[in-house]
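Q: Mind looking over this structure? Questions follow.
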Amino acid sequence: MNINDTAEEAQYRARARTWIGTHGKRLWGPPGGGIEADRSWVRVLHEAGLAGVTWPAEYGGQGLTASHEAIVAEELAAAGTPISTSMGVGLNMVGPALLVHGSAEQRLRLLPMILSAETVWCEGFSEPDAGSDLAALRTSAHARGDGSYQISGQKVWCSYAHVADFCLLLARTGTREEGRRGITSFIVPMKTPGIAVRPLRQISGDSEFNEVFFDDVVVPASAILDAPGRGWAVATTTLFYERSRYQDQLAAFAANLRGLLRSIAGNPVLRGDSRITDRLGRVWTDLQVTRAAMIRLGQDFDPASPASAAGLAVKLLWTSALANLASLAIDVIGPRAMTESADETVDGRSWQQQLFLAQMWSVAGGSTEIARSVIAEQLLHLPRSR
């Protein structure tokens with residue numbers, strides 16, 4: 001596969017680079033600017049045609065390819081003006097799931113609000129006793145006589161739930177014995193009475209993860225995404241995009257790699273150390289392989305197919321590459337890698353914080369161990385390990 005730009009893509013990159021270079025730093029909200037700054041930047045990008053690049057035009061998108069989406073992410077990261085991950089749940093995960101599973105009314109109502117940054121989303125998937133084993137979830141949704149549903153339960157590791165307007169929630173509408181067939185997906189406004197959010201502090205010092213409690217939360221039947229009992233299909237689609245659409249993070253990875261390269265190039269001792277340059281070459285190769293796999297998957301793959309476990313292969317590539325880059329940077333930079341900011345990184349985080357984030361990514365969207373098991377069973381058709 002040729003991952004270089006075609007003539008048309010090169011022209012598109014030039015236009016995107018020109019706009020970002022002209023307007024980016026002036027309009028971009030810096031890290032730590034808060035959710036309103038994140039919303040404002042996505043709104044500006046949407047108005048410029050640089051958000052929702054692959055979405056159909058009827059919902060406010062551009063109707064372009066995964067390669068064009070990757071180009072925008074790369075140019076934003078190179079300019080130091082990336083889209084905050086707080087907006088990524090809606091743009092990269094929920095939005096695509098709505099395109100696959102949403103009704104006409106849901107798509108027309110919800111998708112434009114994601115692109116205009118009117119709404120921020122979170123996922124209500126994992127639970128204290130149902131993280132990697134998502135099908136074991138216990139949050140329940142009981143049908144009431146008026147057709148509405150009453151939801152009770154607890155979710156955990158819900159990124160940005162504390163600032164979200166909507167939650168894509170998985171709840172059990174059938175018996176536990178029904179397993180995946182008894183799960184339904186709901187679109188739940190976060191201001192619905194009975195919802196409580198508790199932030200969780202991570203090893204990186206951030207608190208974008210949350211516990212969310214649902215205490216007899218009532219939603220109408222129209223809140224169901226797809227159909228009753230089809231929640232597992234919705235989850236599979238959403239997780240496919242979560243695990244394979246890392247354009248924003250991958251672009252930041254590339255920019256961080258360039259920053260580290262500048263540090264190495266400016267130090268004659270490091271520049272002449274074959275052990276360092278060999279590891280640098282390996283990290284660069286990781287980047288190119290992951291980028292190629294991501295673009296290919298976006299172009300050719302059907303996320304609704306049973307083999308959506310292919311997205312996990314990209315996730316494994318990505319998380320391994322991120323950890324290798326952070327480890328190399330810490331070995332190269334030494335004690336300075338522990339400082340609270342780093343000139344080499346796009347987001348200004350220290351390399352130590354980048355390593356912490358790499359550990360977080362190895363669990364988010366399904367742990368590395370679970371990912372390998374799913375790939376072995378669903379893609380390679382090996383016998384179950386448990």
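A note on labels: chains of the structure tokens are A, B, ... as shown, every chain counts residues from 1, and ligands are counted from 1 in their shown order.
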Tell me which protein, DNA and RNA residues are within 12 Å of Leu45 (chain A), counting only C-alpha atoms, leaving out same-chain ones fewer than 5 positions away, and put them as a list in words.
A: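 The residues satisfying every condition are Ala16, Trp19, Ile20, His23, Gly24, Leu27, Trp28, Gly29, Asp38, Arg39, Ser40, Leu50, Ala51, Gly52, Val53, Gly60, Gly61, Gln62, Val72, Ala73, Leu76, Thr81, Pro82, Ile83, Leu115, Ser116 and Ala117 of chain A.
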Q: Counting only C-alpha atoms, what is within 8 Å of Val283 (chain A), bar same-chain residues fewer than 3 positions away, as a ChimeraX atom specification?
A: /A:279-280,286-287,321,324-325
Q: Based on the selection just made, write C-alpha atoms of those residues as a PDB file, in the first residue's frame.
A:
```pdb
ATOM      1  CA  ARG A 279      15.740   2.780  18.595  1.00  0.00           C
ATOM      2  CA  LEU A 280      14.788   6.029  16.903  1.00  0.00           C
ATOM      3  CA  ASP A 286       6.262   1.918  14.211  1.00  0.00           C
ATOM      4  CA  LEU A 287       4.726   5.243  13.251  1.00  0.00           C
ATOM      5  CA  ALA A 321       4.561   2.605  19.468  1.00  0.00           C
ATOM      6  CA  ASN A 324       8.376   2.820  22.900  1.00  0.00           C
ATOM      7  CA  LEU A 325       8.585   6.521  22.015  1.00  0.00           C
TER       8      LEU A 325
END
```
Q: Per DSSP on the backbone, what are the helix (DSSP H, G or I) residues of region 188-311 of chain A, as a PyMOL selection string?
A: chain A and resi 221-223+231-244+247-265+268-271+274-300+310-311
Q: Filtering to C-alpha atoms, could you give me those residues as a PDB file, in the first residue's frame?
A:
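Contents of again.pdb, freshly written:
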```pdb
ATOM      1  CA  ALA A 221     -38.126   4.642  24.103  1.00  0.00           C
ATOM      2  CA  SER A 222     -36.848   7.079  21.448  1.00  0.00           C
ATOM      3  CA  ALA A 223     -33.545   7.144  23.386  1.00  0.00           C
ATOM      4  CA  GLY A 231     -26.675  -2.866  22.062  1.00  0.00           C
ATOM      5  CA  TRP A 232     -23.804  -5.258  21.446  1.00  0.00           C
ATOM      6  CA  ALA A 233     -23.802  -4.393  17.732  1.00  0.00           C
ATOM      7  CA  VAL A 234     -23.687  -0.689  18.640  1.00  0.00           C
ATOM      8  CA  ALA A 235     -20.852  -1.345  21.087  1.00  0.00           C
ATOM      9  CA  THR A 236     -18.891  -3.319  18.478  1.00  0.00           C
ATOM     10  CA  THR A 237     -19.144  -0.464  15.978  1.00  0.00           C
ATOM     11  CA  THR A 238     -18.259   2.189  18.556  1.00  0.00           C
ATOM     12  CA  LEU A 239     -15.275   0.221  19.825  1.00  0.00           C
ATOM     13  CA  PHE A 240     -14.088  -0.421  16.276  1.00  0.00           C
ATOM     14  CA  TYR A 241     -13.770   3.323  15.752  1.00  0.00           C
ATOM     15  CA  GLU A 242     -12.327   3.887  19.228  1.00  0.00           C
ATOM     16  CA  ARG A 243      -9.632   1.303  18.562  1.00  0.00           C
ATOM     17  CA  SER A 244      -8.797   2.213  14.974  1.00  0.00           C
ATOM     18  CA  GLN A 247      -5.522  10.000  13.697  1.00  0.00           C
ATOM     19  CA  ASP A 248      -5.370  12.802  16.261  1.00  0.00           C
ATOM     20  CA  GLN A 249      -3.178  10.885  18.686  1.00  0.00           C
ATOM     21  CA  LEU A 250      -1.029   9.449  15.906  1.00  0.00           C
ATOM     22  CA  ALA A 251      -0.421  12.917  14.502  1.00  0.00           C
ATOM     23  CA  ALA A 252       0.577  14.151  17.959  1.00  0.00           C
ATOM     24  CA  PHE A 253       2.861  11.103  18.208  1.00  0.00           C
ATOM     25  CA  ALA A 254       4.570  12.157  14.954  1.00  0.00           C
ATOM     26  CA  ALA A 255       5.003  15.726  16.187  1.00  0.00           C
ATOM     27  CA  ASN A 256       6.425  14.486  19.507  1.00  0.00           C
ATOM     28  CA  LEU A 257       8.821  12.241  17.590  1.00  0.00           C
ATOM     29  CA  ARG A 258      10.058  15.222  15.591  1.00  0.00           C
ATOM     30  CA  GLY A 259      10.594  17.132  18.838  1.00  0.00           C
ATOM     31  CA  LEU A 260      12.667  14.288  20.250  1.00  0.00           C
ATOM     32  CA  LEU A 261      14.597  14.047  16.995  1.00  0.00           C
ATOM     33  CA  ARG A 262      15.558  17.711  17.313  1.00  0.00           C
ATOM     34  CA  SER A 263      16.874  17.053  20.820  1.00  0.00           C
ATOM     35  CA  ILE A 264      18.965  14.128  19.589  1.00  0.00           C
ATOM     36  CA  ALA A 265      20.228  15.982  16.522  1.00  0.00           C
ATOM     37  CA  PRO A 268      26.689  15.193  19.234  1.00  0.00           C
ATOM     38  CA  VAL A 269      26.993  12.388  21.801  1.00  0.00           C
ATOM     39  CA  LEU A 270      23.425  11.194  21.303  1.00  0.00           C
ATOM     40  CA  ARG A 271      23.616  11.704  17.547  1.00  0.00           C
ATOM     41  CA  SER A 274      24.070   3.784  17.356  1.00  0.00           C
ATOM     42  CA  ARG A 275      21.883   2.356  20.116  1.00  0.00           C
ATOM     43  CA  ILE A 276      19.879   5.569  20.232  1.00  0.00           C
ATOM     44  CA  THR A 277      19.609   5.965  16.470  1.00  0.00           C
ATOM     45  CA  ASP A 278      18.561   2.333  16.096  1.00  0.00           C
ATOM     46  CA  ARG A 279      15.740   2.780  18.595  1.00  0.00           C
ATOM     47  CA  LEU A 280      14.788   6.029  16.903  1.00  0.00           C
ATOM     48  CA  GLY A 281      14.525   4.190  13.591  1.00  0.00           C
ATOM     49  CA  ARG A 282      12.343   1.528  15.172  1.00  0.00           C
ATOM     50  CA  VAL A 283       9.976   4.138  16.596  1.00  0.00           C
ATOM     51  CA  TRP A 284       9.771   5.882  13.210  1.00  0.00           C
ATOM     52  CA  THR A 285       8.961   2.527  11.598  1.00  0.00           C
ATOM     53  CA  ASP A 286       6.262   1.918  14.211  1.00  0.00           C
ATOM     54  CA  LEU A 287       4.726   5.243  13.251  1.00  0.00           C
ATOM     55  CA  GLN A 288       4.695   4.491   9.521  1.00  0.00           C
ATOM     56  CA  VAL A 289       3.258   0.984   9.971  1.00  0.00           C
ATOM     57  CA  THR A 290       0.524   2.222  12.309  1.00  0.00           C
ATOM     58  CA  ARG A 291      -0.393   5.087   9.978  1.00  0.00           C
ATOM     59  CA  ALA A 292      -0.600   2.746   6.979  1.00  0.00           C
ATOM     60  CA  ALA A 293      -2.734   0.242   8.881  1.00  0.00           C
ATOM     61  CA  MET A 294      -5.059   2.958  10.110  1.00  0.00           C
ATOM     62  CA  ILE A 295      -5.587   4.448   6.663  1.00  0.00           C
ATOM     63  CA  ARG A 296      -6.084   1.041   5.067  1.00  0.00           C
ATOM     64  CA  LEU A 297      -8.630   0.021   7.678  1.00  0.00           C
ATOM     65  CA  GLY A 298     -10.509   3.283   7.231  1.00  0.00           C
ATOM     66  CA  GLN A 299     -10.637   2.847   3.466  1.00  0.00           C
ATOM     67  CA  ASP A 300     -11.483  -0.832   3.103  1.00  0.00           C
ATOM     68  CA  ALA A 310      -9.259  -5.855  13.171  1.00  0.00           C
ATOM     69  CA  GLY A 311      -9.457  -2.480  14.893  1.00  0.00           C
TER      70      GLY A 311
END
```
Q: Just checking: using only C-alpha atoms, which residue out of A:Glu69, A:Tyr59, A:Val44, A:Ser148 ends up closest to Ala104 (chain A)?
A: A:Tyr59
Q: Between CA of Val188 (chain A) and CA of Leu98 (chain A), what is the spacing in Å?
A: 13.7 Å
Q: Excluding region 199-201 of chain A and residues on its chain fewer than 3 positions from it, collect all residues at most 12 Å away from it, counting only C-alpha atoms, and give them as a list in words.
A: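 My reading of the contact set: Lys155, Val156, Trp157, Cys158, Ser159, Tyr160, Ala161, His162, Val163, Ala196, Ser204, Gly205, Asp206, Ser207, Glu208, Phe209, Asn210, Glu211, Val212 and Phe213 of chain A.
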Q: Using N, CA and C atoms, can you export the residues from the last selection as a PDB file, in the first residue's frame?
A:
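Printed below is selection-v6.pdb as written:
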```
ATOM      1  N   LYS A 155     -21.347   3.027  36.081  1.00  0.00           N
ATOM      2  CA  LYS A 155     -20.337   2.926  35.034  1.00  0.00           C
ATOM      3  C   LYS A 155     -19.024   3.518  35.556  1.00  0.00           C
ATOM      4  N   VAL A 156     -17.914   3.101  34.942  1.00  0.00           N
ATOM      5  CA  VAL A 156     -16.607   3.595  35.378  1.00  0.00           C
ATOM      6  C   VAL A 156     -15.713   3.798  34.162  1.00  0.00           C
ATOM      7  N   TRP A 157     -14.661   4.607  34.333  1.00  0.00           N
ATOM      8  CA  TRP A 157     -13.730   4.961  33.250  1.00  0.00           C
ATOM      9  C   TRP A 157     -14.443   5.697  32.117  1.00  0.00           C
ATOM     10  N   CYS A 158     -15.420   6.533  32.470  1.00  0.00           N
ATOM     11  CA  CYS A 158     -16.167   7.303  31.467  1.00  0.00           C
ATOM     12  C   CYS A 158     -15.424   8.616  31.199  1.00  0.00           C
ATOM     13  N   SER A 159     -14.700   8.655  30.103  1.00  0.00           N
ATOM     14  CA  SER A 159     -13.910   9.847  29.779  1.00  0.00           C
ATOM     15  C   SER A 159     -14.822  11.045  29.523  1.00  0.00           C
ATOM     16  N   TYR A 160     -14.530  12.148  30.212  1.00  0.00           N
ATOM     17  CA  TYR A 160     -15.189  13.442  30.028  1.00  0.00           C
ATOM     18  C   TYR A 160     -16.668  13.441  30.392  1.00  0.00           C
ATOM     19  N   ALA A 161     -17.098  12.478  31.196  1.00  0.00           N
ATOM     20  CA  ALA A 161     -18.495  12.482  31.637  1.00  0.00           C
ATOM     21  C   ALA A 161     -18.823  13.734  32.444  1.00  0.00           C
ATOM     22  N   HIS A 162     -17.813  14.307  33.107  1.00  0.00           N
ATOM     23  CA  HIS A 162     -18.063  15.485  33.945  1.00  0.00           C
ATOM     24  C   HIS A 162     -18.370  16.739  33.132  1.00  0.00           C
ATOM     25  N   VAL A 163     -18.093  16.712  31.830  1.00  0.00           N
ATOM     26  CA  VAL A 163     -18.407  17.870  30.982  1.00  0.00           C
ATOM     27  C   VAL A 163     -19.343  17.480  29.838  1.00  0.00           C
ATOM     28  N   ALA A 196     -25.367  10.952  38.623  1.00  0.00           N
ATOM     29  CA  ALA A 196     -24.318  11.573  39.435  1.00  0.00           C
ATOM     30  C   ALA A 196     -22.962  11.185  38.870  1.00  0.00           C
ATOM     31  N   SER A 204      -1.410  10.137  35.837  1.00  0.00           N
ATOM     32  CA  SER A 204      -0.868  11.298  35.133  1.00  0.00           C
ATOM     33  C   SER A 204      -1.212  12.607  35.833  1.00  0.00           C
ATOM     34  N   GLY A 205      -2.116  12.557  36.816  1.00  0.00           N
ATOM     35  CA  GLY A 205      -2.559  13.767  37.501  1.00  0.00           C
ATOM     36  C   GLY A 205      -3.842  14.328  36.942  1.00  0.00           C
ATOM     37  N   ASP A 206      -4.286  13.814  35.791  1.00  0.00           N
ATOM     38  CA  ASP A 206      -5.520  14.277  35.174  1.00  0.00           C
ATOM     39  C   ASP A 206      -6.725  13.587  35.794  1.00  0.00           C
ATOM     40  N   SER A 207      -7.900  14.132  35.504  1.00  0.00           N
ATOM     41  CA  SER A 207      -9.135  13.552  36.049  1.00  0.00           C
ATOM     42  C   SER A 207     -10.227  13.506  34.990  1.00  0.00           C
ATOM     43  N   GLU A 208      -9.863  13.151  33.742  1.00  0.00           N
ATOM     44  CA  GLU A 208     -10.916  13.085  32.731  1.00  0.00           C
ATOM     45  C   GLU A 208     -11.745  11.817  32.830  1.00  0.00           C
ATOM     46  N   PHE A 209     -11.243  10.797  33.553  1.00  0.00           N
ATOM     47  CA  PHE A 209     -12.033   9.599  33.799  1.00  0.00           C
ATOM     48  C   PHE A 209     -13.039   9.864  34.933  1.00  0.00           C
ATOM     49  N   ASN A 210     -14.154   9.153  34.885  1.00  0.00           N
ATOM     50  CA  ASN A 210     -15.190   9.365  35.894  1.00  0.00           C
ATOM     51  C   ASN A 210     -15.927   8.071  36.208  1.00  0.00           C
ATOM     52  N   GLU A 211     -16.493   8.020  37.418  1.00  0.00           N
ATOM     53  CA  GLU A 211     -17.544   7.077  37.738  1.00  0.00           C
ATOM     54  C   GLU A 211     -18.870   7.792  37.495  1.00  0.00           C
ATOM     55  N   VAL A 212     -19.854   7.069  36.957  1.00  0.00           N
ATOM     56  CA  VAL A 212     -21.176   7.658  36.727  1.00  0.00           C
ATOM     57  C   VAL A 212     -22.217   6.725  37.317  1.00  0.00           C
ATOM     58  N   PHE A 213     -23.107   7.292  38.134  1.00  0.00           N
ATOM     59  CA  PHE A 213     -24.137   6.510  38.811  1.00  0.00           C
ATOM     60  C   PHE A 213     -25.510   6.875  38.244  1.00  0.00           C
TER      61      PHE A 213
END
```
Q: Check region 41-225 of chain A with DSSP on the backbone and list each residue it calls strand (DSSP E or B), as a PyMOL selection string.
A: chain A and resi 121-124+127+130+140-143+149-155+166-172+183-189+195-200+209-219+224-225
Q: Grab the residues selected above and save them as a CSV table (one decimal), in the first residue's frame with N, CA and C atoms.
A:
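Below is the file that was written, result.csv:
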```csv
chain,number,residue,atom,x,y,z
A,121,TRP,N,-19.8,14.3,24.2
A,121,TRP,CA,-20.3,13.0,24.5
A,121,TRP,C,-19.3,12.2,25.4
A,122,CYS,N,-19.9,11.2,26.1
A,122,CYS,CA,-19.1,10.2,26.8
A,122,CYS,C,-19.7,8.9,26.5
A,123,GLU,N,-19.0,7.8,26.8
A,123,GLU,CA,-19.4,6.4,26.7
A,123,GLU,C,-19.7,5.8,28.1
A,124,GLY,N,-20.8,5.2,28.2
A,124,GLY,CA,-21.2,4.5,29.5
A,124,GLY,C,-21.1,3.0,29.2
A,127,GLU,N,-17.9,-1.2,33.6
A,127,GLU,CA,-18.4,-1.2,34.9
A,127,GLU,C,-17.4,-1.8,35.9
A,130,ALA,N,-17.3,-5.3,35.1
A,130,ALA,CA,-17.5,-5.6,33.7
A,130,ALA,C,-16.7,-4.6,32.9
A,140,SER,N,-29.1,-2.0,34.5
A,140,SER,CA,-30.3,-2.5,34.0
A,140,SER,C,-31.2,-1.4,33.5
A,141,ALA,N,-32.0,-1.7,32.5
A,141,ALA,CA,-33.0,-0.8,31.9
A,141,ALA,C,-34.3,-1.5,31.9
A,142,HIS,N,-35.3,-1.2,32.7
A,142,HIS,CA,-36.5,-1.9,32.8
A,142,HIS,C,-37.6,-1.1,32.0
A,143,ALA,N,-38.3,-1.7,31.1
A,143,ALA,CA,-39.4,-1.1,30.4
A,143,ALA,C,-40.6,-0.8,31.4
A,149,TYR,N,-38.1,3.8,29.8
A,149,TYR,CA,-37.2,2.8,30.4
A,149,TYR,C,-36.6,3.5,31.7
A,150,GLN,N,-36.5,2.7,32.7
A,150,GLN,CA,-35.9,3.1,34.0
A,150,GLN,C,-34.6,2.5,34.2
A,151,ILE,N,-33.5,3.3,34.2
A,151,ILE,CA,-32.1,2.8,34.2
A,151,ILE,C,-31.5,3.0,35.6
A,152,SER,N,-30.8,1.9,36.1
A,152,SER,CA,-30.1,1.9,37.3
A,152,SER,C,-28.8,1.1,37.2
A,153,GLY,N,-27.7,1.7,37.8
A,153,GLY,CA,-26.5,1.0,37.7
A,153,GLY,C,-25.3,2.0,37.8
A,154,GLN,N,-24.1,1.5,37.6
A,154,GLN,CA,-22.9,2.2,37.8
A,154,GLN,C,-22.0,2.0,36.6
A,155,LYS,N,-21.3,3.0,36.1
A,155,LYS,CA,-20.3,2.9,35.0
A,155,LYS,C,-19.0,3.5,35.6
A,166,PHE,N,-24.2,14.3,26.6
A,166,PHE,CA,-24.9,13.1,26.3
A,166,PHE,C,-24.0,11.9,26.6
A,167,CYS,N,-24.6,10.8,27.0
A,167,CYS,CA,-23.9,9.6,27.2
A,167,CYS,C,-24.4,8.5,26.3
A,168,LEU,N,-23.5,7.8,25.6
A,168,LEU,CA,-23.9,6.6,24.8
A,168,LEU,C,-23.8,5.4,25.8
A,169,LEU,N,-25.0,4.9,26.3
A,169,LEU,CA,-25.0,4.0,27.4
A,169,LEU,C,-25.4,2.6,27.0
A,170,LEU,N,-24.7,1.6,27.6
A,170,LEU,CA,-25.1,0.2,27.4
A,170,LEU,C,-25.8,-0.2,28.7
A,171,ALA,N,-27.0,-0.8,28.6
A,171,ALA,CA,-27.7,-1.3,29.7
A,171,ALA,C,-28.4,-2.7,29.4
A,172,ARG,N,-28.6,-3.4,30.4
A,172,ARG,CA,-29.2,-4.8,30.2
A,172,ARG,C,-30.7,-4.6,30.2
A,183,ILE,N,-28.6,-6.9,25.7
A,183,ILE,CA,-28.0,-5.5,26.0
A,183,ILE,C,-28.6,-4.6,24.9
A,184,THR,N,-29.0,-3.4,25.4
A,184,THR,CA,-29.5,-2.3,24.6
A,184,THR,C,-28.7,-1.0,24.8
A,185,SER,N,-28.6,-0.3,23.7
A,185,SER,CA,-27.8,1.0,23.7
A,185,SER,C,-28.8,2.2,23.8
A,186,PHE,N,-28.5,3.1,24.7
A,186,PHE,CA,-29.4,4.3,24.9
A,186,PHE,C,-28.6,5.6,24.8
A,187,ILE,N,-29.3,6.6,24.3
A,187,ILE,CA,-28.7,7.9,24.2
A,187,ILE,C,-29.3,8.7,25.4
A,188,VAL,N,-28.5,9.0,26.4
A,188,VAL,CA,-29.0,9.6,27.6
A,188,VAL,C,-28.4,11.0,27.8
A,189,PRO,N,-29.3,12.0,27.9
A,189,PRO,CA,-28.8,13.4,28.3
A,189,PRO,C,-28.2,13.3,29.7
A,195,ILE,N,-28.7,11.2,37.6
A,195,ILE,CA,-27.3,10.9,37.2
A,195,ILE,C,-26.4,11.7,38.1
A,196,ALA,N,-25.4,11.0,38.6
A,196,ALA,CA,-24.3,11.6,39.4
A,196,ALA,C,-23.0,11.2,38.9
A,197,VAL,N,-22.1,12.2,38.8
A,197,VAL,CA,-20.7,11.9,38.2
A,197,VAL,C,-19.7,12.2,39.3
A,198,ARG,N,-18.7,11.3,39.3
A,198,ARG,CA,-17.6,11.4,40.3
A,198,ARG,C,-16.3,11.3,39.6
A,199,PRO,N,-15.5,12.3,39.4
A,199,PRO,CA,-14.2,12.2,38.7
A,199,PRO,C,-13.2,11.3,39.4
A,200,LEU,N,-12.3,10.7,38.7
A,200,LEU,CA,-11.3,9.8,39.2
A,200,LEU,C,-9.9,10.4,38.8
A,209,PHE,N,-11.2,10.8,33.6
A,209,PHE,CA,-12.0,9.6,33.8
A,209,PHE,C,-13.0,9.9,34.9
A,210,ASN,N,-14.2,9.2,34.9
A,210,ASN,CA,-15.2,9.4,35.9
A,210,ASN,C,-15.9,8.1,36.2
A,211,GLU,N,-16.5,8.0,37.4
A,211,GLU,CA,-17.5,7.1,37.7
A,211,GLU,C,-18.9,7.8,37.5
A,212,VAL,N,-19.9,7.1,37.0
A,212,VAL,CA,-21.2,7.7,36.7
A,212,VAL,C,-22.2,6.7,37.3
A,213,PHE,N,-23.1,7.3,38.1
A,213,PHE,CA,-24.1,6.5,38.8
A,213,PHE,C,-25.5,6.9,38.2
A,214,PHE,N,-26.3,5.9,37.9
A,214,PHE,CA,-27.6,6.0,37.4
A,214,PHE,C,-28.6,5.5,38.4
A,215,ASP,N,-29.4,6.4,39.0
A,215,ASP,CA,-30.3,6.0,40.1
A,215,ASP,C,-31.8,6.2,39.6
A,216,ASP,N,-32.4,5.2,39.0
A,216,ASP,CA,-33.8,5.3,38.5
A,216,ASP,C,-33.9,6.4,37.5
A,217,VAL,N,-33.0,6.4,36.6
A,217,VAL,CA,-33.0,7.4,35.5
A,217,VAL,C,-34.0,7.0,34.4
A,218,VAL,N,-35.0,7.9,34.1
A,218,VAL,CA,-36.0,7.5,33.1
A,218,VAL,C,-35.8,8.2,31.8
A,219,VAL,N,-35.8,7.4,30.7
A,219,VAL,CA,-35.6,7.9,29.4
A,219,VAL,C,-36.7,7.4,28.5
A,224,ILE,N,-33.4,4.8,22.5
A,224,ILE,CA,-32.7,3.6,22.1
A,224,ILE,C,-32.0,3.9,20.8
A,225,LEU,N,-30.8,3.5,20.7
A,225,LEU,CA,-30.0,3.5,19.5
A,225,LEU,C,-30.1,2.2,18.8
```
Q: Measuring atom to atom with only C-alpha atoms, identify which of A:Gly182, A:Gly88, A:Gly194, A:Gly147 is nearest to Ala164 (chain A).
A: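 Among A:Gly182, A:Gly88, A:Gly194, A:Gly147, it is A:Gly88 that comes nearest to Ala164 (chain A).
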Q: Out of A:Leu91, A:Trp55, A:Arg17, A:Gly49, which residue has the shortest atom-to-atom distance to Glu74 (chain A) when counting only C-alpha atoms?
A: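 Using only C-alpha atoms, the shortest distance to Glu74 (chain A) belongs to A:Arg17.
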Q: Quick one: everything within 8 Å of region 354-368 of chain A, counting only C-alpha atoms, minus sequence neighbours fewer than 4 positions away in the same chain. Send it as a short mmCIF file (atom, residue, chain, number, x, y, z; two decimals) with C-alpha atoms, in the first residue's frame.
A:
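Output contents, as saved in out_19.cif:
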```
data_model
loop_
_atom_site.label_atom_id
_atom_site.label_comp_id
_atom_site.auth_asym_id
_atom_site.auth_seq_id
_atom_site.Cartn_x
_atom_site.Cartn_y
_atom_site.Cartn_z
CA GLY A 131 -14.48 -3.89 32.24
CA SER A 132 -12.69 -6.19 29.85
CA ILE A 203 -1.49 8.46 37.61
CA SER A 204 -0.87 11.30 35.13
CA LEU A 239 -15.27 0.22 19.83
CA GLU A 242 -12.33 3.89 19.23
CA ARG A 243 -9.63 1.30 18.56
CA LEU A 316 -1.93 -2.83 19.64
CA THR A 319 -0.11 1.61 22.10
CA LEU A 322 3.53 5.23 22.03
CA ALA A 323 5.18 3.35 24.90
CA ALA A 326 8.07 7.67 25.61
CA SER A 327 10.61 5.14 26.92
CA ARG A 349 3.38 17.31 28.89
CA SER A 350 6.57 15.90 30.32
CA ARG A 372 -4.65 -10.28 21.76
#
```
